[in-house]
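**Student:** One structure follows; several queries about it will come next.
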Protein chains: 2
Amino acid sequence: MSTKNAAPARGTKDILPKEAQLRSWAVSRIVETYSRHGFSQIEVPIIENIEWLTGGVGGENEKLLFKILKRGEKLDLTAIKSEDDLCDLALRFDLTVPLTRYFANNHAHLPMPFKAIQIGPVFRAERPQKGRFRQFTQCDIDILGEPSYLGEIELIAASAEALNALSLRGFDIKINDRRALESFSSYCGLEESRSGEFFITLDKLDKVGIDGVAKELAAKSFAHSSIDKAMKLIQGLSSGRDPVDFYSEVGVDDPVLAQIEAVASFSKDLGGDDYSVSLDPTVVRGMGYYTGTVFEVAYPGWSSSIAGGGRYDKMLERYGVGSPAVGFSIGFERVISILEESTNPSRGAAQRYITILFDEADELRPVYQLANQWREAGYAVSLRHRKAKIGNQLKRLEAEANLARREGDFFGVLIYPEGTEPKEL
Amino acid sequence: MSTKNAAPARGTKDILPKEAQLRSWAVSRIVETYSRHGFSQIEVPIIENIEWLTGGVGGENEKLLFKILKRGEKLDLTAIKSEDDLCDLALRFDLTVPLTRYFANNHAHLPMPFKAIQIGPVFRAERPQKGRFRQFTQCDIDILGEPSYLGEIELIAASAEALNALSLRGFDIKINDRRALESFSSYCGLEESRSGEFFITLDKLDKVGIDGVAKELAAKSFAHSSIDKAMKLIQGLSSGRDPVDFYSEVGVDDPVLAQIEAVASFSKDLGGDDYSVSLDPTVVRGMGYYTGTVFEVAYPGWSSSIAGGGRYDKMLERYGVGSPAVGFSIGFERVISILEESTNPSRGAAQRYITILFDEADELRPVYQLANQWREAGYAVSLRHRKAKIGNQLKRLEAEANLARREGDFFGVLIYPEGTEPKEL
């Protein structure tokens with residue numbers, strides 16, 4: 001077998017040490033920030049009974065399920081009618097659906113409201129493309145059991161602080177409400193039963209533009225008068241119309257409008273630094289389970305959002321434990337990409353590495369004592385036998401350091417027994 | 001649907017906040033310790049192409065594979081002859097087999113020797129029982145590319161320090177060598193081709209005792225004379241015979257014996273505090289891929305080992321990149337169980353929590369400012385609307401605190417606007 005065949009499975013990736021360190025730093029900053037805001041980390045299994053991941057709640061993601069073959073006697077290859085006969089488990093496609101099962105299963109042992117942090121891998125059998133993987137990390141916070149907009153504000157304010165803790169600034173948090181979208185749809189004369197289709201198309205505004213949305217609506221045979229009305233409203237927004245005017249024109253109920261405004265205003269005042277909050281009546285968020293506020297975070301120079309979420313008050317009903325719920329998800333992989341491309345070096349403390357080279361014939365104890373002294377001083381220390389051609393070995397060490405180096409890092413070598421201080425590579 | 005159905009999939013578990021916090025603390029201590037010793041964290045995908053997880057290298061674990069159904073056109077339900085036609089991917093059953101693929105795929109971008117830390121979930125379709133799960137976390141360190149016993153010593157010394165960092169003391173690191181086991185087997189007159197079977201039975205010594213091993217060897221039709229010889233040797237060890245005598249009697253080569261003794265002596269001297277190292281000629285470690293040193297860690301009061309590993313110099317050859325390798329795995333779930341049962345409270349810093357109760361009609365800004373003041377002072381602060389029956393609400397808060405409380409933790413409540421300092425719950 002050649003080395004070439006050792007590639008990871010299609011759409012998955014091996015994470016090298018330098019990226020793993022960045023990811024680990026990002027996780028610790030996020031958890032630290034959310035913990036201060038009263039959120040608790042939990043872990044939910046990666047595999048779930050397949051019936052919990054199907055049945056509509058996951059929308060399009062259900063089509064992307066990785067299903068697990070039954071085992072032993074349960075698997076009867078002679079009597080297969082459909083895939084359903086073959087599989088009993090599946091890999092989770094997000095962290096929200098498993099969280100609702102977790103809450104239903106454990107609510108007696110949890111505070112109420114319950115504020116959860118989850119960071120972990122999810123799986124979707126999508127066609128792989130640049131920046132899109134079949135296994136990727138999600139980072140979600142959710143508040144279960146808080147009916148008031150305090151839930152939204154806590155999520156958004158804490159998340160703005162978490163993004164700040166990752167050295168991200170200048171982002172815009174865009175806020176809307178599913179109920180306002182319903183008013184918009186109805187104002188344009190769309191039947192209520194078709195509002196879902198309208199939202200799915202509207203959600204593509206960032207990607208296909210106003211004309212693209214109009215074209216898709218026409219293709220879906222919406223009435224021309226409705227499409228014209230919707231386009232005019234959207235054009236108004238892009239020409240700088242005050243979103244509050246928009247909401248008033250389409251007839252958003254006063255309490256809903258008051259809540260949207262309150263969420264926006266408090267989210268700006270009570271969170272971190274250096275970001276903006278805006279109302280955006282075109283924000284949809286893909287998932288069909290949202291029932292109220294929806295929000296997403298735009299980052300300058302990035303076309304798709306880096307975080308988002310919303311209220312999903314009905315979702316827990318499938319488990320017989322109705323409870324209001326609101327969630328926020330940081331696009332962890334996207335944030336890592338931004339940090340990797342950033343020239344800003346603030347990605348955690350600089351690291352200090354030393355390699356001690358010694359002769360295989362040297363007594364090991366004093367070498368190890370020397371290593372431990374530097375370890376106690378905060379250095380990451382490795383021991384290696386020195387080679388006959390030490391010049392080549394030093395070149396190799398320097399090349400390795402350059403592969404791993406981030407701004408501010410120190411890579412040194414200490415040749416035993418001559419050296420007493422590490423020499424920078 | 002009733003709440004009862006919300007249980008996680010068979011053999012998996014939901015991790016509650018208190019355990020999640022302990023696990024997260026343990027991970028950070030382990031990573032911190034190994035990093036100081038020059039190990040780098042990496043991440044390898046959870047799903048792998050099925051051919052890399054089959055074909056013998058995983059031994060018995062291959063029978064416990066969770067296989068993933070092919071998708072789309074690749075899946076033809078009309079032409080199924082065996083499971084192989086149905087599946088293209090599987091969940092990893094350990095971290096070692098994927099690591100060797102990772103190294104083959106990425107060695108050009110990695111230092112040599114490469115010192116890796118991996119902590120993550122693995123999956124085995126075992127019959128669930130107390131303490132045995134179908135999804136569980138493994139914690140492995142490996143050194144790839146170090147042919148000398150410096151590899152073993154670095155792994156064992158660093159791991160002893162990592163176990164110390166988790167407040168574990170008094171453990172015993174038992175060391176043996178596969179080559180010494182071969183000498184043992186051959187000295188007892190066993191054919192070389194059957195030594196693997198002999199080791200598998202010998203590996204059960206801790207569980208079934210000397211008589212149990214003798215019985216199983218007889219059942220496997222080993223010659224009586226061989227069994228008698230083996231039993232006498234094992235009995236000698238349990239009566240306190242010096243393992244070095246044992247090794248000499250069975251004819252272990254001098255260089256192998258010298259290496260075993262060096263590994264044992266340095267592992268004791270160069271690692272952490274308060275543990276012992278002993279030679280144990282009966283240590284096998286289950287996996288067939290070991291080629292040299294094997295070791296495992298016994299913890300007082302626990303019948304099965306809490307960590308172990310060994311040298312597996314041949315395993316990378318399947319990828320065409322032969323490289324010496326040695327690995328050590330901490331039984332993460334077992335260690336968490338020990339810490340959970342421990343009366344010793346040293347499981348990370350005490351946590352301080354405050355809940356601020358305020359009236360829904362109160363202005364939110366000053367409440368949030370108060371919350372942020374306490375957050376800056378290091379407290380985890382949650383906001384809740386106060387209820388009409390505040391007595392009941394306080395009782396509920398106290399009950400929640402008692403569910404989450406660990407020794408030393410502070411749980412306080414601050415009733416706004418009257419309160420200025422949190423009152424302990």
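Letters A, B, ... go to the chains of the structure tokens in the order shown; residues in each chain start at 1; ligands are counted from 1 in the same order.
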At a cut-off of 7 Å, which residues of chain B touch chain A? Count only C-alpha atoms and give the answer as a compact mmCIF listing (two decimals) with C-alpha atoms, in the first residue's frame.
**Tutor:**
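Dumped to out27.txt:
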```txt
# COMPACT_ATOMS: atom_id res chain seq x y z
CA MET B 1 -44.19 10.56 22.92
CA SER B 2 -43.39 10.24 26.56
CA THR B 3 -40.31 11.50 28.31
CA ALA B 6 -35.83 10.21 25.45
CA ALA B 7 -33.07 7.89 26.75
CA PRO B 8 -29.82 7.96 24.76
CA ALA B 9 -29.02 5.09 22.39
CA THR B 12 -24.24 5.56 25.30
CA LYS B 13 -24.69 8.17 28.00
CA ASP B 14 -25.67 11.77 28.51
CA ILE B 15 -23.03 13.62 30.51
CA LEU B 16 -24.44 16.01 33.10
CA PRO B 17 -22.77 19.37 33.86
CA ALA B 20 -18.65 17.37 32.14
CA GLN B 21 -16.76 19.87 34.28
CA SER B 35 2.60 19.53 26.28
CA ARG B 36 5.38 20.35 28.72
CA HIS B 37 6.96 17.08 27.65
CA GLY B 38 6.92 18.15 24.00
CA SER B 40 1.37 18.07 20.42
CA GLN B 41 -2.38 17.67 20.30
CA ILE B 42 -3.83 16.46 17.00
CA GLU B 43 -7.31 15.52 15.76
CA VAL B 44 -8.11 12.58 13.55
CA PRO B 45 -11.59 12.06 12.02
CA GLU B 48 -12.63 6.29 8.49
CA ASN B 49 -12.76 4.35 5.24
CA PHE B 66 -20.13 0.29 13.84
CA LYS B 67 -20.41 0.37 10.04
CA ILE B 68 -21.93 3.24 8.09
CA LEU B 69 -24.37 2.63 5.26
CA ARG B 101 -3.00 6.43 8.88
CA TYR B 102 -2.65 10.08 9.97
CA ALA B 104 1.43 8.08 6.89
CA ASN B 105 -0.66 10.86 5.37
CA HIS B 109 4.55 18.11 7.77
CA LEU B 110 5.40 16.65 11.17
CA PRO B 111 8.52 16.65 13.32
CA LEU B 270 12.44 10.47 35.87
CA ARG B 318 0.85 -1.33 6.03
CA TYR B 319 1.03 2.26 4.80
CA GLY B 320 4.44 1.85 3.25
CA VAL B 321 6.11 4.16 5.78
CA TYR B 368 -26.67 43.51 33.88
CA ARG B 375 -18.33 38.15 36.41
CA TYR B 379 -18.02 34.43 39.43
CA ALA B 380 -20.29 32.56 37.02
CA VAL B 381 -23.42 34.72 37.07
CA SER B 382 -26.93 33.90 35.85
CA GLU B 400 -30.25 22.94 42.02
CA LEU B 403 -27.22 18.75 42.49
```
**Student:** Just want the 12 Å neighbourhood of segment 181-185 of chain B, counted on only C-alpha atoms, with same-chain residues fewer than 4 positions away dropped. Output as a ChimeraX atom specification.
**Tutor:** /B:175-177,189-203,222,226-227,229-234,243,246-254,256-257,280-285,290-294
**Student:** Please list as an mmCIF file with N, CA, C and O atoms, in the first residue's frame every residue within 8 Å of Tyr275 of chain B, counting only C-alpha atoms and excluding residues in the same chain fewer than 4 positions away.
**Tutor:**
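Result written to selection-v7.cif:
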```cif
data_model
loop_
_atom_site.group_PDB
_atom_site.id
_atom_site.type_symbol
_atom_site.label_atom_id
_atom_site.label_comp_id
_atom_site.auth_asym_id
_atom_site.auth_seq_id
_atom_site.Cartn_x
_atom_site.Cartn_y
_atom_site.Cartn_z
ATOM 1 N N ALA B 160 3.140 9.203 34.136
ATOM 2 C CA ALA B 160 3.099 9.172 35.603
ATOM 3 C C ALA B 160 2.827 10.585 36.115
ATOM 4 O O ALA B 160 2.021 10.790 37.032
ATOM 5 N N ARG B 169 -2.305 8.842 42.988
ATOM 6 C CA ARG B 169 -1.013 8.463 43.557
ATOM 7 C C ARG B 169 -1.071 6.986 43.956
ATOM 8 O O ARG B 169 -2.117 6.392 43.992
ATOM 9 N N GLY B 170 0.114 6.437 44.225
ATOM 10 C CA GLY B 170 0.152 5.061 44.721
ATOM 11 C C GLY B 170 -0.105 4.000 43.661
ATOM 12 O O GLY B 170 -0.332 2.845 43.988
ATOM 13 N N PHE B 171 -0.036 4.370 42.391
ATOM 14 C CA PHE B 171 -0.246 3.367 41.349
ATOM 15 C C PHE B 171 1.053 2.625 41.056
ATOM 16 O O PHE B 171 2.129 3.058 41.453
ATOM 17 N N ASP B 172 0.917 1.470 40.389
ATOM 18 C CA ASP B 172 2.084 0.653 40.067
ATOM 19 C C ASP B 172 2.166 0.470 38.553
ATOM 20 O O ASP B 172 1.201 0.044 37.922
ATOM 21 N N ILE B 173 3.312 0.823 37.989
ATOM 22 C CA ILE B 173 3.511 0.655 36.548
ATOM 23 C C ILE B 173 4.230 -0.668 36.316
ATOM 24 O O ILE B 173 5.371 -0.842 36.751
ATOM 25 N N LYS B 268 10.925 5.080 36.826
ATOM 26 C CA LYS B 268 10.698 5.431 38.230
ATOM 27 C C LYS B 268 11.399 6.742 38.586
ATOM 28 O O LYS B 268 10.828 7.621 39.224
#
```
**Student:** Residues within 9 Å of Gln138 of chain A, please, as a PyMOL selection string. Count only C-alpha atoms; anything in the same chain fewer than 3 positions from it doesn't count.
**Tutor:** chain A and resi 94-95+118-122+329-333
**Student:** Mind writing the picked residues with all heavy atoms as an mmCIF file, in the first residue's frame?
**Tutor:**
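Writing done, so here's selection-v2.cif:
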```
data_model
loop_
_atom_site.group_PDB
_atom_site.id
_atom_site.type_symbol
_atom_site.label_atom_id
_atom_site.label_comp_id
_atom_site.auth_asym_id
_atom_site.auth_seq_id
_atom_site.Cartn_x
_atom_site.Cartn_y
_atom_site.Cartn_z
ATOM 1 N N ASP A 94 -26.571 17.725 13.943
ATOM 2 C CA ASP A 94 -26.385 19.006 14.629
ATOM 3 C C ASP A 94 -26.381 18.735 16.123
ATOM 4 O O ASP A 94 -26.422 17.566 16.547
ATOM 5 C CB ASP A 94 -27.468 20.034 14.230
ATOM 6 C CG ASP A 94 -28.828 19.781 14.859
ATOM 7 O OD1 ASP A 94 -28.979 18.829 15.656
ATOM 8 O OD2 ASP A 94 -29.761 20.551 14.562
ATOM 9 N N LEU A 95 -26.278 19.804 16.930
ATOM 10 C CA LEU A 95 -26.270 19.620 18.386
ATOM 11 C C LEU A 95 -27.613 19.998 19.009
ATOM 12 O O LEU A 95 -27.835 19.739 20.195
ATOM 13 C CB LEU A 95 -25.151 20.479 19.011
ATOM 14 C CG LEU A 95 -23.731 20.186 18.530
ATOM 15 C CD1 LEU A 95 -22.735 21.184 19.124
ATOM 16 C CD2 LEU A 95 -23.309 18.765 18.888
ATOM 17 N N GLN A 118 -22.339 23.322 24.341
ATOM 18 C CA GLN A 118 -21.926 22.079 23.695
ATOM 19 C C GLN A 118 -20.908 22.411 22.611
ATOM 20 O O GLN A 118 -21.162 23.273 21.770
ATOM 21 C CB GLN A 118 -23.088 21.420 22.977
ATOM 22 C CG GLN A 118 -24.140 20.786 23.835
ATOM 23 C CD GLN A 118 -25.128 20.054 22.937
ATOM 24 O OE1 GLN A 118 -24.930 18.896 22.585
ATOM 25 N NE2 GLN A 118 -26.174 20.730 22.540
ATOM 26 N N ILE A 119 -19.787 21.708 22.609
ATOM 27 C CA ILE A 119 -18.822 21.857 21.514
ATOM 28 C C ILE A 119 -18.441 20.462 21.072
ATOM 29 O O ILE A 119 -17.954 19.669 21.889
ATOM 30 C CB ILE A 119 -17.573 22.645 21.957
ATOM 31 C CG1 ILE A 119 -17.979 24.023 22.483
ATOM 32 C CG2 ILE A 119 -16.589 22.801 20.789
ATOM 33 C CD1 ILE A 119 -16.833 24.888 22.955
ATOM 34 N N GLY A 120 -18.713 20.119 19.813
ATOM 35 C CA GLY A 120 -18.387 18.767 19.390
ATOM 36 C C GLY A 120 -18.663 18.552 17.929
ATOM 37 O O GLY A 120 -19.238 19.400 17.247
ATOM 38 N N PRO A 121 -18.245 17.363 17.438
ATOM 39 C CA PRO A 121 -18.373 17.078 16.014
ATOM 40 C C PRO A 121 -19.796 16.702 15.608
ATOM 41 O O PRO A 121 -20.504 16.046 16.373
ATOM 42 C CB PRO A 121 -17.443 15.881 15.811
ATOM 43 C CG PRO A 121 -17.405 15.199 17.140
ATOM 44 C CD PRO A 121 -17.571 16.279 18.169
ATOM 45 N N VAL A 122 -20.206 17.138 14.421
ATOM 46 C CA VAL A 122 -21.453 16.709 13.797
ATOM 47 C C VAL A 122 -21.117 16.242 12.382
ATOM 48 O O VAL A 122 -20.033 16.542 11.867
ATOM 49 C CB VAL A 122 -22.504 17.839 13.775
ATOM 50 C CG1 VAL A 122 -22.809 18.319 15.184
ATOM 51 C CG2 VAL A 122 -22.042 19.000 12.909
ATOM 52 N N SER A 329 -25.477 29.494 17.776
ATOM 53 C CA SER A 329 -24.416 28.613 17.336
ATOM 54 C C SER A 329 -23.301 29.422 16.699
ATOM 55 O O SER A 329 -23.551 30.219 15.793
ATOM 56 C CB SER A 329 -25.009 27.626 16.318
ATOM 57 O OG SER A 329 -24.031 26.728 15.888
ATOM 58 N N ILE A 330 -22.078 29.253 17.200
ATOM 59 C CA ILE A 330 -20.924 29.891 16.565
ATOM 60 C C ILE A 330 -20.425 28.957 15.461
ATOM 61 O O ILE A 330 -20.231 27.768 15.700
ATOM 62 C CB ILE A 330 -19.794 30.152 17.581
ATOM 63 C CG1 ILE A 330 -20.227 31.223 18.597
ATOM 64 C CG2 ILE A 330 -18.509 30.578 16.888
ATOM 65 C CD1 ILE A 330 -19.180 31.541 19.650
ATOM 66 N N GLY A 331 -20.256 29.473 14.256
ATOM 67 C CA GLY A 331 -19.712 28.668 13.155
ATOM 68 C C GLY A 331 -18.238 28.414 13.425
ATOM 69 O O GLY A 331 -17.362 29.120 12.937
ATOM 70 N N PHE A 332 -17.974 27.367 14.215
ATOM 71 C CA PHE A 332 -16.616 27.155 14.736
ATOM 72 C C PHE A 332 -15.587 27.020 13.611
ATOM 73 O O PHE A 332 -14.528 27.655 13.654
ATOM 74 C CB PHE A 332 -16.607 25.910 15.622
ATOM 75 C CG PHE A 332 -15.317 25.697 16.359
ATOM 76 C CD1 PHE A 332 -15.035 26.436 17.493
ATOM 77 C CD2 PHE A 332 -14.379 24.779 15.916
ATOM 78 C CE1 PHE A 332 -13.843 26.256 18.179
ATOM 79 C CE2 PHE A 332 -13.181 24.596 16.589
ATOM 80 C CZ PHE A 332 -12.917 25.334 17.729
ATOM 81 N N GLU A 333 -15.912 26.234 12.588
ATOM 82 C CA GLU A 333 -14.937 26.022 11.504
ATOM 83 C C GLU A 333 -14.652 27.332 10.772
ATOM 84 O O GLU A 333 -13.520 27.610 10.380
ATOM 85 C CB GLU A 333 -15.449 24.970 10.515
ATOM 86 C CG GLU A 333 -15.764 23.604 11.137
ATOM 87 C CD GLU A 333 -14.531 22.863 11.661
ATOM 88 O OE1 GLU A 333 -13.396 23.238 11.321
ATOM 89 O OE2 GLU A 333 -14.713 21.906 12.436
#
```
**Student:** Can you check which residues of segment 90-177 of chain A DSSP gives as strand (DSSP E or B) on the backbone and send them as a PDB file with N, CA and C atoms, in the first residue's frame?
**Tutor:**
```
ATOM      1  N   ALA A  90     -27.805   6.538  13.972  1.00  0.00           N
ATOM      2  CA  ALA A  90     -27.238   7.459  12.983  1.00  0.00           C
ATOM      3  C   ALA A  90     -26.339   8.454  13.706  1.00  0.00           C
ATOM      4  N   LEU A  91     -25.469   9.105  12.931  1.00  0.00           N
ATOM      5  CA  LEU A  91     -24.605  10.140  13.493  1.00  0.00           C
ATOM      6  C   LEU A  91     -25.390  11.451  13.568  1.00  0.00           C
ATOM      7  N   PHE A 114     -32.208  26.120  32.006  1.00  0.00           N
ATOM      8  CA  PHE A 114     -30.948  25.408  31.859  1.00  0.00           C
ATOM      9  C   PHE A 114     -30.139  26.064  30.750  1.00  0.00           C
ATOM     10  N   LYS A 115     -28.910  26.425  31.078  1.00  0.00           N
ATOM     11  CA  LYS A 115     -28.040  27.131  30.121  1.00  0.00           C
ATOM     12  C   LYS A 115     -26.878  26.223  29.747  1.00  0.00           C
ATOM     13  N   ALA A 116     -26.900  25.705  28.522  1.00  0.00           N
ATOM     14  CA  ALA A 116     -25.949  24.664  28.111  1.00  0.00           C
ATOM     15  C   ALA A 116     -24.929  25.168  27.104  1.00  0.00           C
ATOM     16  N   ILE A 117     -23.691  24.689  27.232  1.00  0.00           N
ATOM     17  CA  ILE A 117     -22.663  24.832  26.187  1.00  0.00           C
ATOM     18  C   ILE A 117     -22.372  23.447  25.648  1.00  0.00           C
ATOM     19  N   GLN A 118     -22.339  23.322  24.341  1.00  0.00           N
ATOM     20  CA  GLN A 118     -21.926  22.079  23.695  1.00  0.00           C
ATOM     21  C   GLN A 118     -20.908  22.411  22.611  1.00  0.00           C
ATOM     22  N   ILE A 119     -19.787  21.708  22.609  1.00  0.00           N
ATOM     23  CA  ILE A 119     -18.822  21.857  21.514  1.00  0.00           C
ATOM     24  C   ILE A 119     -18.441  20.462  21.072  1.00  0.00           C
ATOM     25  N   GLY A 120     -18.713  20.119  19.813  1.00  0.00           N
ATOM     26  CA  GLY A 120     -18.387  18.767  19.390  1.00  0.00           C
ATOM     27  C   GLY A 120     -18.663  18.552  17.929  1.00  0.00           C
ATOM     28  N   PRO A 121     -18.245  17.363  17.438  1.00  0.00           N
ATOM     29  CA  PRO A 121     -18.373  17.078  16.014  1.00  0.00           C
ATOM     30  C   PRO A 121     -19.796  16.702  15.608  1.00  0.00           C
ATOM     31  N   VAL A 122     -20.206  17.138  14.421  1.00  0.00           N
ATOM     32  CA  VAL A 122     -21.453  16.709  13.797  1.00  0.00           C
ATOM     33  C   VAL A 122     -21.117  16.242  12.382  1.00  0.00           C
ATOM     34  N   PHE A 123     -22.041  15.519  11.766  1.00  0.00           N
ATOM     35  CA  PHE A 123     -21.743  14.797  10.532  1.00  0.00           C
ATOM     36  C   PHE A 123     -22.846  15.007   9.508  1.00  0.00           C
ATOM     37  N   GLN A 129     -16.798  20.391  -0.415  1.00  0.00           N
ATOM     38  CA  GLN A 129     -16.239  21.482  -1.216  1.00  0.00           C
ATOM     39  C   GLN A 129     -15.371  22.332  -0.303  1.00  0.00           C
ATOM     40  N   ARG A 132     -16.139  23.125   3.293  1.00  0.00           N
ATOM     41  CA  ARG A 132     -17.291  22.370   3.782  1.00  0.00           C
ATOM     42  C   ARG A 132     -16.917  20.900   3.965  1.00  0.00           C
ATOM     43  N   GLN A 135     -17.418  15.932   8.416  1.00  0.00           N
ATOM     44  CA  GLN A 135     -17.338  15.993   9.884  1.00  0.00           C
ATOM     45  C   GLN A 135     -16.844  17.385  10.227  1.00  0.00           C
ATOM     46  N   PHE A 136     -17.568  18.108  11.060  1.00  0.00           N
ATOM     47  CA  PHE A 136     -17.095  19.429  11.465  1.00  0.00           C
ATOM     48  C   PHE A 136     -17.589  19.727  12.875  1.00  0.00           C
ATOM     49  N   THR A 137     -16.940  20.703  13.502  1.00  0.00           N
ATOM     50  CA  THR A 137     -17.243  21.009  14.897  1.00  0.00           C
ATOM     51  C   THR A 137     -18.294  22.094  14.976  1.00  0.00           C
ATOM     52  N   GLN A 138     -19.303  21.872  15.819  1.00  0.00           N
ATOM     53  CA  GLN A 138     -20.255  22.927  16.119  1.00  0.00           C
ATOM     54  C   GLN A 138     -20.042  23.384  17.548  1.00  0.00           C
ATOM     55  N   CYS A 139     -20.437  24.615  17.790  1.00  0.00           N
ATOM     56  CA  CYS A 139     -20.285  25.204  19.118  1.00  0.00           C
ATOM     57  C   CYS A 139     -21.583  25.947  19.426  1.00  0.00           C
ATOM     58  N   ASP A 140     -22.389  25.340  20.272  1.00  0.00           N
ATOM     59  CA  ASP A 140     -23.737  25.866  20.531  1.00  0.00           C
ATOM     60  C   ASP A 140     -23.908  26.262  21.993  1.00  0.00           C
ATOM     61  N   ILE A 141     -24.644  27.361  22.213  1.00  0.00           N
ATOM     62  CA  ILE A 141     -25.192  27.591  23.543  1.00  0.00           C
ATOM     63  C   ILE A 141     -26.702  27.695  23.417  1.00  0.00           C
ATOM     64  N   ASP A 142     -27.371  27.202  24.414  1.00  0.00           N
ATOM     65  CA  ASP A 142     -28.831  27.191  24.405  1.00  0.00           C
ATOM     66  C   ASP A 142     -29.341  27.513  25.803  1.00  0.00           C
ATOM     67  N   ILE A 143     -30.499  28.165  25.856  1.00  0.00           N
ATOM     68  CA  ILE A 143     -31.191  28.358  27.131  1.00  0.00           C
ATOM     69  C   ILE A 143     -32.560  27.702  27.009  1.00  0.00           C
ATOM     70  N   LEU A 144     -32.792  26.698  27.840  1.00  0.00           N
ATOM     71  CA  LEU A 144     -34.059  25.981  27.795  1.00  0.00           C
ATOM     72  C   LEU A 144     -34.870  26.376  29.026  1.00  0.00           C
ATOM     73  N   ASP A 172     -21.306  42.374  12.773  1.00  0.00           N
ATOM     74  CA  ASP A 172     -22.649  42.949  12.868  1.00  0.00           C
ATOM     75  C   ASP A 172     -23.645  41.843  13.225  1.00  0.00           C
ATOM     76  N   ILE A 173     -24.400  42.074  14.297  1.00  0.00           N
ATOM     77  CA  ILE A 173     -25.413  41.096  14.696  1.00  0.00           C
ATOM     78  C   ILE A 173     -26.754  41.544  14.127  1.00  0.00           C
ATOM     79  N   LYS A 174     -27.295  40.765  13.208  1.00  0.00           N
ATOM     80  CA  LYS A 174     -28.537  41.126  12.523  1.00  0.00           C
ATOM     81  C   LYS A 174     -29.701  40.379  13.167  1.00  0.00           C
ATOM     82  N   ILE A 175     -30.732  41.137  13.514  1.00  0.00           N
ATOM     83  CA  ILE A 175     -31.844  40.563  14.272  1.00  0.00           C
ATOM     84  C   ILE A 175     -33.149  40.666  13.501  1.00  0.00           C
ATOM     85  N   ASN A 176     -33.942  39.619  13.568  1.00  0.00           N
ATOM     86  CA  ASN A 176     -35.270  39.612  12.963  1.00  0.00           C
ATOM     87  C   ASN A 176     -36.162  38.684  13.783  1.00  0.00           C
ATOM     88  N   ASP A 177     -37.383  38.457  13.342  1.00  0.00           N
ATOM     89  CA  ASP A 177     -38.302  37.600  14.085  1.00  0.00           C
ATOM     90  C   ASP A 177     -39.158  36.839  13.079  1.00  0.00           C
TER      91      ASP A 177
END
```
**Student:** Could you give me the residues within segment 17-123 of chain B that DSSP places in alpha helix (DSSP H), as number ranges by chain?
**Tutor:** B: 17-36, 96-106
**Student:** Could you please take those selected residues and save C-alpha atoms as a PDB file, in the first residue's frame?
**Tutor:**
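So the final result, stored in again_23.pdb, reads:
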```pdb
ATOM      1  CA  PRO B  17     -22.773  19.369  33.865  1.00  0.00           C
ATOM      2  CA  LYS B  18     -20.999  18.196  37.027  1.00  0.00           C
ATOM      3  CA  GLU B  19     -19.305  15.278  35.263  1.00  0.00           C
ATOM      4  CA  ALA B  20     -18.653  17.374  32.144  1.00  0.00           C
ATOM      5  CA  GLN B  21     -16.763  19.866  34.280  1.00  0.00           C
ATOM      6  CA  LEU B  22     -14.639  17.123  35.836  1.00  0.00           C
ATOM      7  CA  ARG B  23     -13.892  15.647  32.401  1.00  0.00           C
ATOM      8  CA  SER B  24     -12.970  19.014  30.987  1.00  0.00           C
ATOM      9  CA  TRP B  25     -10.653  19.669  33.945  1.00  0.00           C
ATOM     10  CA  ALA B  26      -9.019  16.244  33.510  1.00  0.00           C
ATOM     11  CA  VAL B  27      -8.459  16.839  29.794  1.00  0.00           C
ATOM     12  CA  SER B  28      -6.835  20.203  30.447  1.00  0.00           C
ATOM     13  CA  ARG B  29      -4.481  18.795  33.122  1.00  0.00           C
ATOM     14  CA  ILE B  30      -3.478  15.895  30.875  1.00  0.00           C
ATOM     15  CA  VAL B  31      -2.857  18.112  27.846  1.00  0.00           C
ATOM     16  CA  GLU B  32      -0.938  20.622  29.953  1.00  0.00           C
ATOM     17  CA  THR B  33       1.367  17.931  31.346  1.00  0.00           C
ATOM     18  CA  TYR B  34       2.054  16.204  28.049  1.00  0.00           C
ATOM     19  CA  SER B  35       2.596  19.533  26.275  1.00  0.00           C
ATOM     20  CA  ARG B  36       5.375  20.346  28.721  1.00  0.00           C
ATOM     21  CA  THR B  96      -4.013   4.011  17.405  1.00  0.00           C
ATOM     22  CA  VAL B  97      -5.082   2.607  14.045  1.00  0.00           C
ATOM     23  CA  PRO B  98      -6.285   6.050  12.804  1.00  0.00           C
ATOM     24  CA  LEU B  99      -3.051   7.602  14.124  1.00  0.00           C
ATOM     25  CA  THR B 100      -0.926   5.375  11.917  1.00  0.00           C
ATOM     26  CA  ARG B 101      -2.998   6.434   8.878  1.00  0.00           C
ATOM     27  CA  TYR B 102      -2.647  10.081   9.967  1.00  0.00           C
ATOM     28  CA  PHE B 103       1.116   9.743  10.281  1.00  0.00           C
ATOM     29  CA  ALA B 104       1.431   8.076   6.886  1.00  0.00           C
ATOM     30  CA  ASN B 105      -0.659  10.865   5.366  1.00  0.00           C
ATOM     31  CA  ASN B 106       1.065  13.805   7.058  1.00  0.00           C
TER      32      ASN B 106
END
```
